[in-house]
Amino acid sequence: MEQHCFDAVPKERLETVNEGFRNATDEIKQITERFSSNLNVGKCRKKLNYNGQFVSEISHYSEIDNIIRMDETKDNEEYAITFRHEYGHFADAQLGRPSMTENFNYALGADYEWYNPSNEEGSQNLNNLLEELENSSAFDSRYLSDILSGVFHNNTMIMDRYYQNGAAYYHHSNSYWDGLNGPEKAVEREVFANLFGIYAENDADVVGFVEKYFPNTTTRFKTIIGGC
Ligand SMILES: [Zn+2]
């Protein structure tokens with residue numbers, strides 16, 4: 001069953017991708033079975049930049065062409081991490097963009113409100129989150145780092161914790177989050193793709209962390225993934 005889910009993946013990366021989904025939740029595995037025949041995977045293209053030089057695109061999912069384009073220069077570990085995230089964008093598109101619904105937006109808003117840095121209680125709650133994060137292996141999750149980047153709009157208090165501890169702060173720019181050089185509802189789309197990556201990887205520490213600190217969003221995500 002499982003071995004046909006990723007037939008579109010280049011042969012030399014198939015084992016890496018299968019391994020990357022090996023511990024995925026049953027709901028995620030069912031999604032990959034359901035959409036296996038719609039999946040297309042290609043290589044990043046080279047494009048001319050403003051200086052007339054050829055530069056490679058970064059890995060992404062293109063909804064217009066319905067294809068995940070992957071950077072083939074990355075090693076297997078990075079390929080698997082990125083592929084799980086891009087598959088999340090593909091699944092979001094196949095499901096009719098649940099990330100862009102009011103329900104998903106409300107869930108994310110409810111979780112954000114708990115940490116709203118503009119009031120004292122929110123700041124304290126955010127501080128508690130960061131204290132626990134510093135002592136958790138979830139600190140190394142790119143998916144979680146990018147969620148924090150989007151939800152808190154690259155808050156310096158969060159960024160400083162990453163830099164002070166030598167952890168990689170994987171993120172998008174605020175102009176991306178604001179839609180200036182990103183899509184509409186960029187935060188919701190990326191949070192969805194990152195949660196997909198988290199449940200596909202299914203690392204107990206990371207799943208435990210996001211479910212504790214983003215209870216509304218993770219519950220909504222699981223309803224979407226499990227209820228279709
Ligand atoms: Zn993305």
# chains A, B, ... in the order shown; residues from 1 in each chain; ligands from 1
$ closest_atom_pairs --of "chain A" --to "ligand 1" --cutoff "9 Å" --atoms "only C-alpha atoms and all ligand atoms" --output "tab-separated table"
residue	atom	partner	partner_atom_place_in_ligand_line	distance
A:Ser59	CA	ligand 1	1 (Zn)	8.8
A:His60	CA	ligand 1	1 (Zn)	6.7
A:Tyr61	CA	ligand 1	1 (Zn)	7.7
A:Thr82	CA	ligand 1	1 (Zn)	8.7
A:His85	CA	ligand 1	1 (Zn)	6.3
A:Glu86	CA	ligand 1	1 (Zn)	6.1
A:Gly88	CA	ligand 1	1 (Zn)	8.1
A:His89	CA	ligand 1	1 (Zn)	6.6
A:His172	CA	ligand 1	1 (Zn)	9.0
A:Ala186	CA	ligand 1	1 (Zn)	8.6
A:Arg189	CA	ligand 1	1 (Zn)	7.2
A:Glu190	CA	ligand 1	1 (Zn)	5.0
A:Val191	CA	ligand 1	1 (Zn)	8.3
A:Phe192	CA	ligand 1	1 (Zn)	8.8
A:Ala193	CA	ligand 1	1 (Zn)	6.1
A:Asn194	CA	ligand 1	1 (Zn)	7.4
$ residues_around --residues "Ala107 (chain A)" --least-positions-apart "5" --cutoff "7 Å" --atoms "only C-alpha atoms" --output "PyMOL selection string"
chain A and resi 216-217+220
$ residues_around --residues "Lys47 (chain A)" --least-positions-apart "3" --cutoff "7 Å" --atoms "only C-alpha atoms" --output "list in words"
Phe54, Val55 and Ser56 of chain A
$ select_by_dssp --residues "region 12-185 of chain A" --states "helix (DSSP H, G or I)" --output "ChimeraX atom specification"
/A:12-20,26-34,36-38,76-94,98-100,102-114,120-134,137-140,142-151,156-164,174-177
$ write_last_selection --atoms "C-alpha atoms" --output "mmCIF file, in the first residue's frame"
data_model
loop_
_atom_site.group_PDB
_atom_site.id
_atom_site.type_symbol
_atom_site.label_atom_id
_atom_site.label_comp_id
_atom_site.auth_asym_id
_atom_site.auth_seq_id
_atom_site.Cartn_x
_atom_site.Cartn_y
_atom_site.Cartn_z
ATOM 1 C CA GLU A 12 16.899 8.054 -6.006
ATOM 2 C CA ARG A 13 14.896 9.921 -3.324
ATOM 3 C CA LEU A 14 12.088 7.397 -2.893
ATOM 4 C CA GLU A 15 13.645 5.584 0.036
ATOM 5 C CA THR A 16 14.368 8.896 1.783
ATOM 6 C CA VAL A 17 10.777 10.056 1.374
ATOM 7 C CA ASN A 18 9.252 6.725 2.414
ATOM 8 C CA GLU A 19 11.492 6.752 5.463
ATOM 9 C CA GLY A 20 10.456 10.354 6.153
ATOM 10 C CA ASP A 26 -2.506 7.092 10.394
ATOM 11 C CA GLU A 27 -4.448 10.147 9.217
ATOM 12 C CA ILE A 28 -1.409 11.511 7.372
ATOM 13 C CA LYS A 29 -0.739 8.100 5.818
ATOM 14 C CA GLN A 30 -4.345 7.927 4.626
ATOM 15 C CA ILE A 31 -3.945 11.345 2.980
ATOM 16 C CA THR A 32 -0.827 10.203 1.122
ATOM 17 C CA GLU A 33 -2.695 7.120 -0.125
ATOM 18 C CA ARG A 34 -5.731 9.132 -1.146
ATOM 19 C CA SER A 36 -0.998 9.515 -4.492
ATOM 20 C CA SER A 37 -2.223 9.626 -8.108
ATOM 21 C CA ASN A 38 -2.495 13.443 -8.062
ATOM 22 C CA ASN A 76 18.643 13.284 1.954
ATOM 23 C CA GLU A 77 17.918 14.518 5.465
ATOM 24 C CA GLU A 78 17.088 18.025 4.298
ATOM 25 C CA TYR A 79 15.175 16.663 1.292
ATOM 26 C CA ALA A 80 12.907 14.654 3.609
ATOM 27 C CA ILE A 81 12.309 17.592 5.975
ATOM 28 C CA THR A 82 11.435 19.919 3.106
ATOM 29 C CA PHE A 83 9.357 17.333 1.236
ATOM 30 C CA ARG A 84 7.079 16.771 4.259
ATOM 31 C CA HIS A 85 6.451 20.525 4.445
ATOM 32 C CA GLU A 86 5.814 20.945 0.706
ATOM 33 C CA TYR A 87 3.539 17.907 0.770
ATOM 34 C CA GLY A 88 1.552 19.819 3.401
ATOM 35 C CA HIS A 89 0.953 22.633 0.887
ATOM 36 C CA PHE A 90 -0.034 20.036 -1.731
ATOM 37 C CA ALA A 91 -2.467 18.342 0.710
ATOM 38 C CA ASP A 92 -3.903 21.751 1.662
ATOM 39 C CA ALA A 93 -4.579 22.465 -2.042
ATOM 40 C CA GLN A 94 -6.036 18.993 -2.667
ATOM 41 C CA PRO A 98 -8.762 24.296 4.722
ATOM 42 C CA SER A 99 -5.926 26.566 5.933
ATOM 43 C CA MET A 100 -7.820 29.537 4.492
ATOM 44 C CA GLU A 102 -12.497 30.988 9.105
ATOM 45 C CA ASN A 103 -12.324 28.010 11.463
ATOM 46 C CA PHE A 104 -8.591 27.614 11.010
ATOM 47 C CA ASN A 105 -8.044 31.351 11.334
ATOM 48 C CA TYR A 106 -10.100 31.491 14.559
ATOM 49 C CA ALA A 107 -8.209 28.570 16.075
ATOM 50 C CA LEU A 108 -4.873 30.227 15.352
ATOM 51 C CA GLY A 109 -6.178 33.549 16.684
ATOM 52 C CA ALA A 110 -7.368 31.902 19.913
ATOM 53 C CA ASP A 111 -3.937 30.378 20.505
ATOM 54 C CA TYR A 112 -2.177 33.649 19.681
ATOM 55 C CA GLU A 113 -4.364 35.565 22.144
ATOM 56 C CA TRP A 114 -3.016 33.424 24.991
ATOM 57 C CA GLU A 120 1.397 41.201 30.901
ATOM 58 C CA GLU A 121 -0.314 37.833 31.130
ATOM 59 C CA GLY A 122 0.381 37.156 27.454
ATOM 60 C CA SER A 123 4.058 38.047 27.859
ATOM 61 C CA GLN A 124 4.319 35.712 30.828
ATOM 62 C CA ASN A 125 2.668 32.891 28.887
ATOM 63 C CA LEU A 126 5.052 33.443 25.974
ATOM 64 C CA ASN A 127 7.964 33.415 28.380
ATOM 65 C CA ASN A 128 6.773 30.087 29.808
ATOM 66 C CA LEU A 129 6.581 28.669 26.300
ATOM 67 C CA LEU A 130 10.144 29.778 25.571
ATOM 68 C CA GLU A 131 11.479 28.420 28.877
ATOM 69 C CA GLU A 132 10.121 24.991 28.061
ATOM 70 C CA LEU A 133 11.236 25.213 24.434
ATOM 71 C CA GLU A 134 14.844 25.883 25.487
ATOM 72 C CA SER A 137 14.406 18.845 21.538
ATOM 73 C CA ALA A 138 11.499 20.646 19.835
ATOM 74 C CA PHE A 139 13.929 23.600 19.753
ATOM 75 C CA ASP A 140 15.550 21.916 16.734
ATOM 76 C CA ARG A 142 12.309 23.753 11.676
ATOM 77 C CA TYR A 143 8.557 23.317 11.444
ATOM 78 C CA LEU A 144 8.031 24.702 14.944
ATOM 79 C CA SER A 145 10.519 27.537 14.406
ATOM 80 C CA ASP A 146 8.679 28.636 11.262
ATOM 81 C CA ILE A 147 5.307 28.450 13.068
ATOM 82 C CA LEU A 148 6.662 30.758 15.797
ATOM 83 C CA SER A 149 8.095 33.059 13.107
ATOM 84 C CA GLY A 150 4.678 33.406 11.452
ATOM 85 C CA VAL A 151 2.375 33.487 14.461
ATOM 86 C CA THR A 156 12.634 39.630 18.768
ATOM 87 C CA MET A 157 12.094 37.995 22.181
ATOM 88 C CA ILE A 158 11.689 34.638 20.399
ATOM 89 C CA MET A 159 14.475 35.225 17.874
ATOM 90 C CA ASP A 160 16.902 36.150 20.671
ATOM 91 C CA ARG A 161 16.205 32.852 22.461
ATOM 92 C CA TYR A 162 17.118 30.938 19.316
ATOM 93 C CA TYR A 163 20.280 32.923 18.668
ATOM 94 C CA GLN A 164 21.426 32.880 22.307
ATOM 95 C CA ASN A 174 7.772 39.713 7.715
ATOM 96 C CA SER A 175 7.179 40.932 4.156
ATOM 97 C CA TYR A 176 6.282 37.324 3.294
ATOM 98 C CA TRP A 177 3.970 37.003 6.292
#
$ atom_distance --atom1 "CA of Thr218 (chain A)" --atom2 "CA of Phe152 (chain A)"
16.7 Å
